[in-house]
Each structure stands twice: as C-alpha cells, then as structure tokens.
$ cat query_17.csv   # CSV, C-alpha atoms and all ligand atoms
chain,number,residue,atom,x,y,z
A,34,MET,CA,-1.8,-41.1,9.5
A,35,GLU,CA,-2.1,-39.1,6.3
A,36,VAL,CA,0.8,-36.6,6.0
A,37,VAL,CA,1.8,-33.9,3.5
A,38,GLN,CA,5.5,-33.3,2.7
A,39,VAL,CA,6.4,-29.6,2.7
A,40,PRO,CA,9.6,-28.2,1.2
A,41,PHE,CA,11.1,-27.7,4.7
A,42,GLY,CA,10.9,-29.1,8.2
A,43,GLU,CA,8.6,-31.8,9.4
A,44,PRO,CA,5.8,-33.5,7.5
A,45,TRP,CA,2.4,-32.1,8.6
A,46,THR,CA,-0.7,-34.2,9.3
A,47,MET,CA,-3.3,-33.6,6.6
A,48,SER,CA,-5.9,-32.8,9.3
A,49,ASP,CA,-4.1,-29.5,10.0
A,50,ILE,CA,-3.9,-28.4,6.3
A,51,VAL,CA,-6.4,-25.8,5.2
A,52,THR,CA,-5.1,-25.5,1.6
A,53,GLU,CA,-2.0,-27.1,0.0
A,54,ALA,CA,-1.3,-24.4,-2.7
A,55,PRO,CA,-0.7,-21.8,-1.5
A,56,LEU,CA,0.1,-23.5,1.8
A,57,ASN,CA,-2.2,-22.7,4.7
A,58,ARG,CA,-2.3,-24.7,7.9
A,59,HIS,CA,-3.7,-24.6,11.3
A,60,VAL,CA,-1.6,-25.0,14.5
A,61,SER,CA,-2.1,-28.6,15.6
A,62,TRP,CA,-4.1,-29.3,18.8
A,63,GLN,CA,-0.8,-30.5,20.3
A,64,GLY,CA,0.8,-27.2,19.4
A,65,LEU,CA,-1.9,-25.4,21.4
A,66,GLU,CA,-0.7,-27.1,24.6
A,67,HIS,CA,2.5,-24.9,24.6
A,68,ASP,CA,2.8,-21.3,25.8
A,69,VAL,CA,5.2,-20.7,22.9
A,70,THR,CA,4.2,-22.6,19.8
A,71,PRO,CA,7.0,-24.8,18.5
A,72,THR,CA,8.0,-23.5,15.0
A,73,GLY,CA,7.1,-26.8,13.3
A,74,GLU,CA,3.6,-26.6,14.7
A,75,PHE,CA,3.0,-22.8,14.1
A,76,PHE,CA,0.0,-22.0,11.9
A,77,CYS,CA,0.9,-20.7,8.4
A,78,ARG,CA,-1.1,-18.3,6.2
A,79,ASN,CA,0.0,-17.5,2.7
A,80,HIS,CA,-1.8,-15.8,-0.1
A,81,ASN,CA,0.8,-16.7,-2.7
A,82,ASP,CA,3.6,-19.2,-3.3
A,83,PHE,CA,6.7,-18.6,-1.2
A,84,PRO,CA,9.0,-16.0,-2.9
A,85,GLU,CA,12.8,-16.1,-3.2
A,86,PRO,CA,13.8,-14.7,0.3
A,87,PRO,CA,14.9,-11.0,-0.2
A,88,ALA,CA,18.7,-10.5,0.2
A,89,ILE,CA,18.2,-6.9,1.5
A,90,LEU,CA,15.6,-4.8,3.0
A,91,ASP,CA,15.1,-1.4,1.3
A,92,TRP,CA,14.3,0.8,4.2
A,93,ALA,CA,13.2,4.2,2.8
A,94,GLY,CA,15.9,4.0,0.2
A,95,HIS,CA,18.6,2.5,2.5
A,96,PRO,CA,19.6,-1.0,1.7
A,97,LEU,CA,20.0,-3.1,4.9
A,98,THR,CA,21.4,-6.6,5.1
A,99,PRO,CA,20.3,-9.1,7.7
A,100,ALA,CA,23.8,-8.6,9.4
A,101,GLU,CA,23.3,-4.8,9.5
A,102,LEU,CA,19.9,-5.2,11.1
A,103,ALA,CA,21.2,-7.8,13.6
A,104,ALA,CA,23.9,-5.3,14.6
A,105,MET,CA,21.3,-2.7,15.6
A,106,SER,CA,19.7,-2.7,19.1
A,107,GLN,CA,17.3,-5.6,19.4
A,108,VAL,CA,14.0,-6.2,21.2
A,109,GLU,CA,12.3,-9.5,21.9
A,110,TYR,CA,8.8,-10.4,23.0
A,111,LEU,CA,6.2,-13.1,22.8
A,112,VAL,CA,3.5,-12.3,20.3
A,113,THR,CA,0.3,-14.1,19.6
A,114,LEU,CA,-0.6,-14.0,15.9
A,115,GLU,CA,-4.1,-14.7,14.8
A,116,CYS,CA,-5.4,-14.6,11.3
A,117,ALA,CA,-8.4,-12.3,10.8
A,118,GLY,CA,-10.1,-15.1,9.0
A,119,ASN,CA,-9.7,-17.5,11.9
A,120,GLY,CA,-13.0,-19.3,12.5
A,121,ARG,CA,-14.5,-18.3,9.1
A,122,THR,CA,-16.1,-21.7,8.5
A,123,GLU,CA,-17.9,-21.4,11.9
A,124,PHE,CA,-20.0,-18.5,10.4
A,125,LYS,CA,-23.3,-19.6,8.8
A,126,PRO,CA,-23.6,-19.2,5.9
A,127,VAL,CA,-19.9,-19.8,5.4
A,128,PRO,CA,-18.4,-16.6,3.8
A,129,LYS,CA,-16.2,-17.0,0.8
A,130,GLY,CA,-12.4,-17.1,1.5
A,131,THR,CA,-9.8,-19.6,2.7
A,132,PRO,CA,-11.8,-22.1,4.8
A,133,TRP,CA,-10.2,-21.6,8.2
A,134,GLY,CA,-11.4,-23.6,11.2
A,135,ILE,CA,-10.6,-22.3,14.6
A,136,ARG,CA,-6.9,-22.9,14.8
A,137,GLY,CA,-5.5,-20.1,12.7
A,138,LEU,CA,-3.4,-18.7,15.5
A,139,SER,CA,-0.1,-19.3,17.4
A,140,THR,CA,2.4,-17.6,19.7
A,141,GLY,CA,6.0,-17.1,18.9
A,142,ARG,CA,9.1,-15.5,20.5
A,143,PHE,CA,10.1,-12.8,18.0
A,144,ARG,CA,13.4,-10.9,18.1
A,145,GLY,CA,14.5,-8.0,15.9
A,146,VAL,CA,14.7,-4.3,15.5
A,147,ALA,CA,11.9,-2.0,16.8
A,148,VAL,CA,10.4,-0.1,13.8
A,149,GLU,CA,10.7,3.1,16.0
A,150,THR,CA,14.5,2.5,16.1
A,151,LEU,CA,14.6,2.4,12.3
A,152,LEU,CA,12.4,5.6,12.2
A,153,ARG,CA,14.9,7.3,14.5
A,154,GLU,CA,17.9,6.0,12.4
A,155,PHE,CA,16.3,7.0,9.1
A,156,PRO,CA,14.0,9.9,9.9
A,157,PRO,CA,11.0,10.5,7.7
A,158,SER,CA,10.2,13.9,6.2
A,159,SER,CA,7.5,16.0,7.8
A,160,GLU,CA,4.9,15.1,5.1
A,161,ALA,CA,5.2,11.4,5.7
A,162,LYS,CA,2.5,9.9,8.0
A,163,HIS,CA,2.5,6.2,7.1
A,164,VAL,CA,5.0,3.4,6.4
A,165,ILE,CA,4.1,1.0,3.5
A,166,PHE,CA,5.5,-2.4,4.2
A,167,ARG,CA,6.0,-4.6,1.1
A,168,GLY,CA,6.5,-8.4,1.0
A,169,ALA,CA,8.4,-10.1,-1.9
A,170,ASP,CA,5.5,-12.4,-2.8
A,171,ARG,CA,3.2,-11.5,-5.6
A,172,GLY,CA,0.0,-13.2,-6.9
A,173,GLU,CA,-3.0,-12.3,-9.0
A,174,ASP,CA,-4.0,-9.6,-6.4
A,175,GLY,CA,-0.6,-7.9,-6.7
A,176,LEU,CA,2.2,-7.5,-4.3
A,177,TYR,CA,1.5,-8.3,-0.6
A,178,GLU,CA,1.7,-4.9,1.1
A,179,ARG,CA,0.1,-3.2,4.1
A,180,SER,CA,0.6,0.1,5.7
A,181,LEU,CA,0.6,1.5,9.3
A,182,THR,CA,0.6,5.1,10.6
A,183,PHE,CA,3.5,6.2,12.8
A,184,ASP,CA,1.1,6.3,15.6
A,185,GLU,CA,0.1,2.6,15.2
A,186,ILE,CA,3.7,1.6,14.9
A,187,GLY,CA,4.6,3.3,18.3
A,188,ARG,CA,1.5,2.2,20.1
A,189,HIS,CA,1.8,-1.5,19.2
A,190,ARG,CA,5.6,-1.6,19.3
A,191,ALA,CA,5.9,-3.1,15.8
A,192,LEU,CA,9.2,-4.8,15.0
A,193,VAL,CA,11.2,-6.1,12.1
A,194,ALA,CA,11.8,-9.7,13.2
A,195,LEU,CA,14.9,-11.6,12.2
A,196,GLU,CA,14.4,-14.5,14.6
A,197,MET,CA,11.5,-16.7,15.7
A,198,ASN,CA,11.8,-19.0,18.7
A,199,GLY,CA,15.6,-18.4,19.0
A,200,LYS,CA,16.5,-19.2,15.4
A,201,ALA,CA,16.6,-17.3,12.1
A,202,LEU,CA,13.1,-16.9,10.7
A,203,PRO,CA,12.2,-19.9,8.6
A,204,LEU,CA,11.1,-19.5,5.0
A,205,GLN,CA,7.4,-20.2,5.7
A,206,HIS,CA,7.3,-17.4,8.3
A,207,GLY,CA,9.0,-14.7,6.2
A,208,ALA,CA,12.8,-15.2,6.0
A,209,PRO,CA,15.0,-13.3,6.4
A,210,PHE,CA,12.9,-10.4,7.8
A,211,ARG,CA,9.2,-9.9,8.6
A,212,LEU,CA,7.1,-7.3,10.2
A,213,ILE,CA,5.5,-8.2,13.5
A,214,VAL,CA,2.6,-6.1,14.7
A,215,PRO,CA,1.5,-7.1,18.2
A,216,HIS,CA,-2.3,-6.7,19.1
A,217,TYR,CA,-3.4,-6.6,15.5
A,218,TYR,CA,-4.8,-9.5,13.4
A,219,ALA,CA,-1.8,-11.0,11.7
A,220,MET,CA,-2.4,-9.9,8.1
A,221,THR,CA,-0.5,-6.7,9.1
A,222,SER,CA,2.6,-8.7,10.0
A,223,VAL,CA,4.1,-8.7,6.4
A,224,LYS,CA,6.4,-11.6,5.7
A,225,TRP,CA,9.5,-11.6,3.3
A,226,LEU,CA,9.7,-7.9,4.0
A,227,CYS,CA,11.7,-6.3,1.1
A,228,GLN,CA,10.7,-2.6,1.2
A,229,ALA,CA,9.5,0.0,3.7
A,230,GLU,CA,8.4,3.2,2.1
A,231,TYR,CA,7.5,6.4,4.0
A,232,SER,CA,4.4,7.9,2.5
A,233,PRO,CA,2.0,10.8,3.2
A,234,THR,CA,-0.9,8.4,2.4
A,235,ALA,CA,-1.9,4.8,3.3
A,236,SER,CA,-1.3,1.9,1.0
A,237,VAL,CA,-3.9,1.5,-1.8
A,238,GLY,CA,-2.8,-2.1,-2.4
A,239,TYR,CA,-5.4,-4.9,-2.7
A,240,TYR,CA,-4.7,-6.3,0.8
A,241,GLN,CA,-5.2,-2.9,2.4
A,242,ILE,CA,-8.3,-1.5,0.6
A,243,GLU,CA,-10.1,-4.5,-0.8
A,244,ASP,CA,-9.4,-7.3,1.6
A,245,TYR,CA,-9.5,-7.4,5.4
A,246,LEU,CA,-12.6,-5.3,5.6
A,247,VAL,CA,-15.3,-6.0,8.1
A,248,ASP,CA,-18.5,-5.6,6.0
A,249,TYR,CA,-21.8,-6.4,7.8
A,250,GLN,CA,-23.9,-5.5,4.7
A,251,ASP,CA,-26.6,-3.9,6.8
A,252,GLY,CA,-25.7,-0.2,6.4
A,253,THR,CA,-23.0,-0.3,9.1
A,254,PRO,CA,-19.9,1.4,7.7
A,255,ILE,CA,-17.3,-1.0,6.4
A,256,ARG,CA,-14.2,-0.8,8.5
A,257,PRO,CA,-10.8,-2.4,8.4
A,258,ALA,CA,-9.9,-5.3,10.7
A,259,THR,CA,-7.3,-4.1,13.2
A,260,LEU,CA,-7.2,-5.2,16.9
A,261,MET,CA,-7.8,-8.9,17.7
A,262,ARG,CA,-11.1,-9.3,19.4
A,263,PRO,CA,-11.3,-11.0,22.9
A,264,LYS,CA,-11.4,-14.7,22.3
A,265,SER,CA,-10.6,-18.1,23.8
A,266,ILE,CA,-10.2,-21.7,22.7
A,267,LEU,CA,-10.7,-24.9,24.6
A,268,VAL,CA,-7.9,-27.4,24.1
A,269,SER,CA,-9.2,-30.0,26.6
A,270,PRO,CA,-11.5,-31.8,26.8
A,271,ALA,CA,-11.5,-32.5,23.1
A,272,GLU,CA,-14.8,-32.5,21.2
A,273,GLY,CA,-16.5,-35.8,21.7
A,274,GLU,CA,-13.9,-37.1,24.3
A,275,THR,CA,-14.9,-39.4,27.1
A,276,VAL,CA,-13.2,-38.3,30.3
A,277,ARG,CA,-12.7,-40.3,33.5
A,278,GLY,CA,-12.1,-39.0,37.0
A,279,ILE,CA,-11.6,-35.3,37.6
A,280,VAL,CA,-12.2,-33.3,34.4
A,281,SER,CA,-9.4,-31.0,33.4
A,282,ILE,CA,-10.6,-28.0,31.4
A,283,HIS,CA,-7.9,-25.9,29.8
A,284,GLY,CA,-7.2,-23.7,26.8
A,285,LYS,CA,-5.9,-20.3,25.7
A,286,VAL,CA,-7.3,-16.8,26.0
A,287,TRP,CA,-6.2,-13.6,24.3
A,288,SER,CA,-7.4,-10.2,23.2
A,289,GLY,CA,-5.9,-7.3,21.1
A,290,GLU,CA,-5.0,-4.3,23.2
A,291,SER,CA,-7.4,-4.8,26.1
A,292,HIS,CA,-6.2,-6.6,29.2
A,293,VAL,CA,-7.5,-10.1,29.7
A,294,SER,CA,-8.9,-10.1,33.3
A,295,GLY,CA,-10.4,-13.7,33.4
A,296,VAL,CA,-12.1,-16.6,31.8
A,297,GLU,CA,-15.6,-17.9,32.5
A,298,LEU,CA,-16.6,-21.4,31.8
A,299,GLU,CA,-20.3,-22.2,31.2
A,300,LEU,CA,-20.8,-25.9,32.1
A,301,ARG,CA,-24.0,-27.6,31.1
A,302,GLY,CA,-25.3,-31.1,31.4
A,303,ALA,CA,-26.5,-33.9,33.7
A,304,GLY,CA,-28.4,-31.4,35.9
A,305,ALA,CA,-25.1,-29.7,36.8
A,306,ASP,CA,-25.3,-26.3,35.0
A,307,ARG,CA,-22.9,-23.9,36.5
A,308,LEU,CA,-20.5,-21.1,35.8
A,309,LEU,CA,-16.8,-21.8,36.7
A,310,VAL,CA,-14.1,-19.2,36.9
A,311,ALA,CA,-10.8,-20.5,35.4
A,312,ARG,CA,-7.4,-19.8,36.8
A,313,LEU,CA,-5.1,-17.9,34.5
A,314,GLY,CA,-1.6,-19.3,33.7
A,315,ASP,CA,1.6,-17.3,33.6
A,316,ASP,CA,1.4,-13.8,32.2
A,317,LEU,CA,3.5,-14.0,29.0
A,318,GLY,CA,3.6,-10.2,28.5
A,319,PRO,CA,1.4,-7.6,26.9
A,320,PHE,CA,1.2,-9.2,23.4
A,321,ALA,CA,0.7,-12.9,24.1
A,322,TRP,CA,-2.2,-15.2,25.0
A,323,ARG,CA,-2.5,-16.9,28.4
A,324,SER,CA,-3.4,-20.4,29.3
A,325,PHE,CA,-6.4,-21.0,31.6
A,326,HIS,CA,-7.3,-24.0,33.7
A,327,ALA,CA,-10.1,-25.5,35.8
A,328,GLU,CA,-10.7,-28.9,37.4
A,329,VAL,CA,-14.1,-30.2,38.2
A,330,GLN,CA,-15.5,-33.4,39.5
A,331,LEU,CA,-18.6,-34.5,37.5
A,332,ALA,CA,-21.0,-37.5,37.7
A,333,PRO,CA,-21.1,-39.7,34.6
A,334,GLY,CA,-23.1,-38.2,31.8
A,335,SER,CA,-23.1,-35.9,28.8
A,336,TYR,CA,-21.8,-32.3,29.2
A,337,SER,CA,-20.7,-29.2,27.3
A,338,VAL,CA,-18.4,-26.4,28.3
A,339,THR,CA,-18.2,-23.0,26.6
A,340,SER,CA,-15.3,-20.5,27.4
A,341,PHE,CA,-15.6,-16.8,27.5
A,342,CYS,CA,-12.7,-14.3,27.6
A,343,LEU,CA,-13.3,-11.4,30.0
A,344,THR,CA,-11.5,-8.1,29.5
A,345,ASP,CA,-11.7,-4.8,31.3
A,346,GLN,CA,-14.3,-3.7,28.8
A,347,GLU,CA,-16.3,-6.7,27.6
A,348,ARG,CA,-17.1,-10.4,27.7
A,349,GLN,CA,-16.5,-12.4,24.6
A,350,PRO,CA,-19.8,-12.9,22.8
A,351,LYS,CA,-21.5,-16.2,22.4
A,352,LYS,CA,-22.0,-15.5,18.7
A,353,ALA,CA,-20.0,-13.0,16.7
A,354,ARG,CA,-21.7,-11.0,14.0
A,355,TRP,CA,-21.6,-12.5,10.5
A,356,ASN,CA,-19.8,-10.4,7.9
A,357,ALA,CA,-19.3,-10.8,4.2
A,358,GLN,CA,-15.5,-11.6,4.2
A,359,GLY,CA,-15.8,-13.8,7.3
A,360,TYR,CA,-13.4,-11.8,9.6
A,361,GLU,CA,-13.1,-11.4,13.4
A,362,ASN,CA,-15.1,-14.5,14.3
A,363,ASN,CA,-14.7,-14.4,18.1
A,364,SER,CA,-17.8,-16.6,18.9
A,365,ALA,CA,-17.3,-18.5,22.1
A,366,HIS,CA,-15.9,-22.1,21.7
A,367,ARG,CA,-18.2,-24.9,22.9
A,368,VAL,CA,-17.1,-28.4,23.4
A,369,ALA,CA,-19.3,-31.4,24.1
A,370,PHE,CA,-17.8,-34.3,26.1
A,371,GLN,CA,-18.8,-37.4,28.2
A,372,VAL,CA,-17.9,-38.3,31.7
A,373,GLY,CA,-17.5,-42.1,31.8
B,401,LIG,N1,3.0,-11.5,4.3
B,401,LIG,C1,3.2,-11.8,3.0
B,401,LIG,N2,4.2,-11.2,2.4
B,401,LIG,N3,2.3,-12.6,2.4
B,401,LIG,C2,1.2,-13.2,3.0
B,401,LIG,O1,0.5,-13.9,2.3
B,401,LIG,N4,-0.1,-13.4,5.0
B,401,LIG,C3,-0.5,-12.6,6.2
B,401,LIG,C4,0.7,-12.2,7.1
B,401,LIG,N5,1.8,-11.8,6.3
B,401,LIG,C5,1.0,-12.9,4.3
B,401,LIG,C6,2.0,-12.1,5.0
B,401,LIG,C7,-1.5,-13.2,7.0
B,401,LIG,S1,-3.1,-13.1,6.4
B,401,LIG,C8,-1.2,-13.8,8.2
B,401,LIG,S2,-2.5,-14.4,9.2
B,401,LIG,C9,0.2,-13.9,8.7
B,401,LIG,O2,1.1,-13.4,7.8
B,401,LIG,C10,0.5,-15.4,9.0
B,401,LIG,O3,1.8,-15.5,9.5
B,401,LIG,P1,2.4,-17.0,9.6
B,401,LIG,O4,2.3,-17.7,8.3
B,401,LIG,O5,3.8,-16.7,10.0
B,401,LIG,O6,1.7,-17.7,10.7

$ encode --input "query_17.csv" --output "structure tokens"
Amino acid sequence: MEVVQVPFGEPWTMSDIVTEAPLNRHVSWQGLEHDVTPTGEFFCRNHNDFPEPPAILDWAGHPLTPAELAAMSQVEYLVTLECAGNGRTEFKPVPKGTPWGIRGLSTGRFRGVAVETLLREFPPSSEAKHVIFRGADRGEDGLYERSLTFDEIGRHRALVALEMNGKALPLQHGAPFRLIVPHYYAMTSVKWLCQAEYSPTASVGYYQIEDYLVDYQDGTPIRPATLMRPKSILVSPAEGETVRGIVSIHGKVWSGESHVSGVELELRGAGADRLLVARLGDDLGPFAWRSFHAEVQLAPGSYSVTSFCLTDQERQPKKARWNAQGYENNSAHRVAFQVG
C-alpha cells in the first residue's frame, strides 16, 4: 500500500491524502467506524505549513502559558469538526479550492478552558463585541484569523482546548492551544492559537471576509458559512462492495445546532424499493455526531442505499445547492452495492 511519511505519528495511506503541502487529509474509512476518531486517523486541514507552536497565548494583553491555562477550571466534550469544504468535489462543476472528497470530518474529545471563563477572568471593555482569534501560521493570504461575537461564544460554548483524546494537542491539530467552536464548520476552530483580541468590530482578515462565503451567484446575498448543515455518511456497505447474508447498513449522522431526530435510508434495487428507518447509536452529547444502524435481508442482486439526516426542522436534501467556493455540500450520500 502506498504510504506518505508525515513529520509525526503514523504513516498515512496515500488514498486519504488530499494535498501533501500544505498537508490535508481525510479521515480514513476505518476511522469513521469509531465514535471518537483516533488521533492518528483524524482528518487534517491546513492552509499553510505548520508554524512553530506558540509558547504563550496572548489573551487580550495577558500572556498565558499552557500550565496557567491548565490550572484554570476545565471543560471537556466530544465535538464533531467538519470542514466547510467537505464534499466540494461532489459538486458539478467542481468549484475551485482544495479538492475534498466526503471524509473531511472527525470527532474528538476536547478538553480545555471555556472561552466564557476567560472572558470572566479578563473582562472586555463595554465597546468590545467580538473576539479575534489568531493562529501562528501565515501564508500568502496572511495570518490565519477568525472572529466570533460574544453571543456566538456563549451560545456554542467555545473553548480553548489543550487536550485532544486525553493527550496534549498534537502539532497537526494546533499544539499547544486551539479554539474549538462546537456546531460551526471547523474553519472557526483556530489552531496554534497565539492571540485573542477583544474588538468592537469583526475580523477583516482574508479567512473571515474573502473565504468561507457561501456565494450562489444568482442574486442571493452572499453569507458566511457558520452552522454545519444536517448530513450523514454511509460507512457500510462500501461503494461497490458485494455483501453476503444480512446486509448491515451503518454510518454517522450530524447537524450543527439542530437536534438530529432520525435517519431515513432509501433502498432501491431488485424490485425491493423501500424506506427504512435506522436506529440511532449512543447520544454522545450536543456537539457530536451519532452512529446509525439498520439490518436488512435482501435477495441477490444490485442495490443502492441513500441516507438522509432528519432534524426537528428539516430533512437532509438529496442535492445541495452549488455555490462558487464549494461550501456546505450536504447532498445525501448514496452507495451502490451487490448482494451475492
Ligand atoms: N487554524 C489555523 N491556524 N490554520 C488553519 O489552516 N484550518 C481550519 C481550522 N483551523 C486552520 C485552522 C480549518 S479550514 C479546519 S476544517 C480545521 O482547522 C481543521 O482542523 P483539524 O486539522 O484539526 O482537523
């Protein structure tokens, strides 16, 4: 099997790599079997080369070391991170941008200090309305920075993470500190966090005002990508697989802020078209995906299955709307398979 050696951890199979420099990789299919993605399998999205990890975090003028942050009260939760460009190459025509397939997401256990705790400890002035979060990496589009309003920070329980899956954050995921913003597409979760500035206005950095915009180019106002759209991915059966005996259909389902209420599976083929309702796996908390499962006995033949996330408000669309930067592609995932 072709592998690529990265400057840390395990070698990765080439099939998961999206681009080698800067390094972008999908979660492996195997990694999608777990509720919590093992760190070595976690998808990775970088705009620039890895920077030197910052020694301190400048929090509104207060220098904080990792030890000082670790001594503050900690929160821990499971959070699903999905890249806003996940699924870009499934749009036709394929929009320009990093050519993500459908595995630009993972779920980690993140532990650190709630941003609200830091806001209480270091109170902003009355003019401040936003926090601008800066990463230590820089490329031709400037420093990586994103901002959030105080309201967004509280509503989505953003945290400054020091640990991922029970260990110190590894370099590729933003050591020694990163922002984690549950519910939002993961471009907001700034890695290698080196500065947080209180500001009366939002960031005017490239990644805030030029990139991560959902632009339908049909007169619809351009808007920023924020909450993850309802979505699901089928992990089994695999595309083109021949299955024998009872067919096990399973995958992962998630949505931004809205509650996932179920998963529908549209099964077609061999005169057996039907709609199945999947069972949901364990509830992993308000910020994480859930697994779903169904078993079905089918006569030999060719089939396809398509999964749809259901939330309190909507059903995942069969086909998401194309947009110029290729964001928010939550088209339903369809897999063709054979029963032997
Ligand atoms: N933070 C910095 N400093 N630089 C980056 O390039 N990429 C963002 C976000 N934070 C990025 C960043 C994007 S687009 C995504 S999808 C997530 O990090 C990916 O997080 P991961 O690599 O830990 O999976």

$ residues_around --input "query_17.csv" --residues "stretch 276-292 of chain A" --least-positions-apart "2" --cutoff "7 Å" --atoms "all atoms listed in the file" --output "PyMOL selection string"
chain A and resi 216-217+260-270+274+294+321-330+342+344-345+371-373

$ closest_residue --input "query_17.csv" --among "A:Tyr110, A:Phe124, A:Tyr240, A:Phe370" --to "ligand LIG 401 (chain B)" --atoms "all atoms listed in the file"
A:Tyr240

$ residues_near_ligand --input "query_17.csv" --ligand "ligand LIG 401 (chain B)" --cutoff "6 Å" --atoms "all atoms listed in the file" --output "list in words"
Phe76, Cys77, Arg78, Asn79, His80, Asn81, Glu115, Cys116, Gly168, Asp170, Tyr177, His206, Ala219, Met220, Thr221, Ser222, Val223, Lys224 and Trp225 of chain A

$ closest_residue --input "query_17.csv" --among "A:Glu85, A:Glu178, A:Glu297, A:Asp315" --to "A:Arg348" --atoms "only C-alpha atoms"
A:Glu297

$ closest_residue --input "query_17.csv" --among "A:Thr140, A:Thr182, A:Gln63, A:Thr98" --to "A:Leu152" --atoms "only C-alpha atoms"
A:Thr182

$ residues_near_point --input "query_17.csv" --point "(13.9, -20.1, 13.1)" --cutoff "6 Å" --atoms "only C-alpha atoms" --output "ChimeraX atom specification"
/A:196-197,200-203

$ residues_around --input "query_17.csv" --residues "A:Ala169" --least-positions-apart "3" --cutoff "12 Å" --atoms "all atoms listed in the file" --output "count of residues only"
31

$ residues_near_point --input "query_17.csv" --point "(14.0, -4.5, 15.6)" --cutoff "9 Å" --atoms "all atoms listed in the file" --output "ChimeraX atom specification"
/A:102-103,105-109,144-151,191-195

$ write_last_selection --input "query_17.csv" --atoms "C-alpha atoms" --output "compact mmCIF listing (two decimals), in the frame of the given file"
# COMPACT_ATOMS: atom_id res chain seq x y z
CA LEU A 102 19.90 -5.20 11.10
CA ALA A 103 21.20 -7.80 13.60
CA MET A 105 21.30 -2.70 15.60
CA SER A 106 19.70 -2.70 19.10
CA GLN A 107 17.30 -5.60 19.40
CA VAL A 108 14.00 -6.20 21.20
CA GLU A 109 12.30 -9.50 21.90
CA ARG A 144 13.40 -10.90 18.10
CA GLY A 145 14.50 -8.00 15.90
CA VAL A 146 14.70 -4.30 15.50
CA ALA A 147 11.90 -2.00 16.80
CA VAL A 148 10.40 -0.10 13.80
CA GLU A 149 10.70 3.10 16.00
CA THR A 150 14.50 2.50 16.10
CA LEU A 151 14.60 2.40 12.30
CA ALA A 191 5.90 -3.10 15.80
CA LEU A 192 9.20 -4.80 15.00
CA VAL A 193 11.20 -6.10 12.10
CA ALA A 194 11.80 -9.70 13.20
CA LEU A 195 14.90 -11.60 12.20

$ atom_distance --input "query_17.csv" --atom1 "atom CA of A:Pro156" --atom2 "atom CA of A:Pro233"
13.8 Å

$ atom_distance --input "query_17.csv" --atom1 "atom CA of A:Phe143" --atom2 "atom CA of A:Thr113"
10.0 Å

$ atom_distance --input "query_17.csv" --atom1 "atom CA of A:Trp62" --atom2 "atom CA of A:Gly334"
24.7 Å

$ residues_around --input "query_17.csv" --residues "A:Leu300" --least-positions-apart "4" --cutoff "8 Å" --atoms "all atoms listed in the file" --output "list in words"
Ala305, Asp306, Arg307, Leu308, Leu309, Tyr336, Ser337, Val338 and Thr339 of chain A

$ write_last_selection --input "query_17.csv" --atoms "C-alpha atoms" --output "PDB file, in the coordinates of the input"
ATOM      1  CA  ALA A 305     -25.100 -29.700  36.800  1.00  0.00           C
ATOM      2  CA  ASP A 306     -25.300 -26.300  35.000  1.00  0.00           C
ATOM      3  CA  ARG A 307     -22.900 -23.900  36.500  1.00  0.00           C
ATOM      4  CA  LEU A 308     -20.500 -21.100  35.800  1.00  0.00           C
ATOM      5  CA  LEU A 309     -16.800 -21.800  36.700  1.00  0.00           C
ATOM      6  CA  TYR A 336     -21.800 -32.300  29.200  1.00  0.00           C
ATOM      7  CA  SER A 337     -20.700 -29.200  27.300  1.00  0.00           C
ATOM      8  CA  VAL A 338     -18.400 -26.400  28.300  1.00  0.00           C
ATOM      9  CA  THR A 339     -18.200 -23.000  26.600  1.00  0.00           C
TER      10      THR A 339
END

$ axis_aligned_box --input "query_17.csv" --around "stretch 177-186 of chain A" --padding-each-side "3 Å" --output "AutoDock Vina command-line options"
--center_x 1.9 --center_y -1.0 --center_z 7.5 --size_x 9.6 --size_y 20.6 --size_z 22.2

$ closest_residue --input "query_17.csv" --among "A:Asp316, A:Glu272, A:Glu154, A:Glu299" --to "A:Val368" --atoms "all atoms listed in the file"
A:Glu272

$ closest_residue --input "query_17.csv" --among "A:Thr52, A:Asn198, A:Ser159, A:Thr259" --to "A:Thr70" --atoms "all atoms listed in the file"
A:Asn198

$ decode --input "query_17.csv" --residues "stretch 77-109 of chain A" --atoms "C-alpha atoms" --output "mmCIF file, in the first residue's frame"
data_model
loop_
_atom_site.group_PDB
_atom_site.id
_atom_site.type_symbol
_atom_site.label_atom_id
_atom_site.label_comp_id
_atom_site.auth_asym_id
_atom_site.auth_seq_id
_atom_site.Cartn_x
_atom_site.Cartn_y
_atom_site.Cartn_z
ATOM 1 C CA CYS A 77 -6.473 17.379 8.956
ATOM 2 C CA ARG A 78 -6.998 20.733 7.230
ATOM 3 C CA ASN A 79 -4.172 23.239 6.849
ATOM 4 C CA HIS A 80 -3.972 26.368 4.752
ATOM 5 C CA ASN A 81 -0.277 26.860 5.473
ATOM 6 C CA ASP A 82 2.779 24.950 6.669
ATOM 7 C CA PHE A 83 2.779 24.096 10.363
ATOM 8 C CA PRO A 84 4.150 27.015 12.404
ATOM 9 C CA GLU A 85 6.444 26.834 15.413
ATOM 10 C CA PRO A 86 3.975 26.070 18.259
ATOM 11 C CA PRO A 87 3.392 29.299 20.214
ATOM 12 C CA ALA A 88 4.916 29.279 23.728
ATOM 13 C CA ILE A 89 2.234 31.557 25.173
ATOM 14 C CA LEU A 90 -1.278 32.674 24.385
ATOM 15 C CA ASP A 91 -1.683 36.449 24.438
ATOM 16 C CA TRP A 92 -5.222 36.755 25.807
ATOM 17 C CA ALA A 93 -6.272 40.393 25.438
ATOM 18 C CA GLY A 94 -2.818 41.513 26.523
ATOM 19 C CA HIS A 95 -2.366 38.854 29.243
ATOM 20 C CA PRO A 96 0.340 36.275 28.427
ATOM 21 C CA LEU A 97 -0.846 32.787 29.429
ATOM 22 C CA THR A 98 1.306 29.655 29.426
ATOM 23 C CA PRO A 99 -0.126 26.158 28.837
ATOM 24 C CA ALA A 100 0.427 25.452 32.567
ATOM 25 C CA GLU A 101 -1.533 28.570 33.579
ATOM 26 C CA LEU A 102 -4.410 27.603 31.299
ATOM 27 C CA ALA A 103 -4.333 24.017 32.597
ATOM 28 C CA ALA A 104 -4.644 25.365 36.167
ATOM 29 C CA MET A 105 -7.958 27.111 35.335
ATOM 30 C CA SER A 106 -11.309 25.316 35.541
ATOM 31 C CA GLN A 107 -11.614 22.858 32.614
ATOM 32 C CA VAL A 108 -14.494 21.638 30.453
ATOM 33 C CA GLU A 109 -14.485 18.565 28.258
#
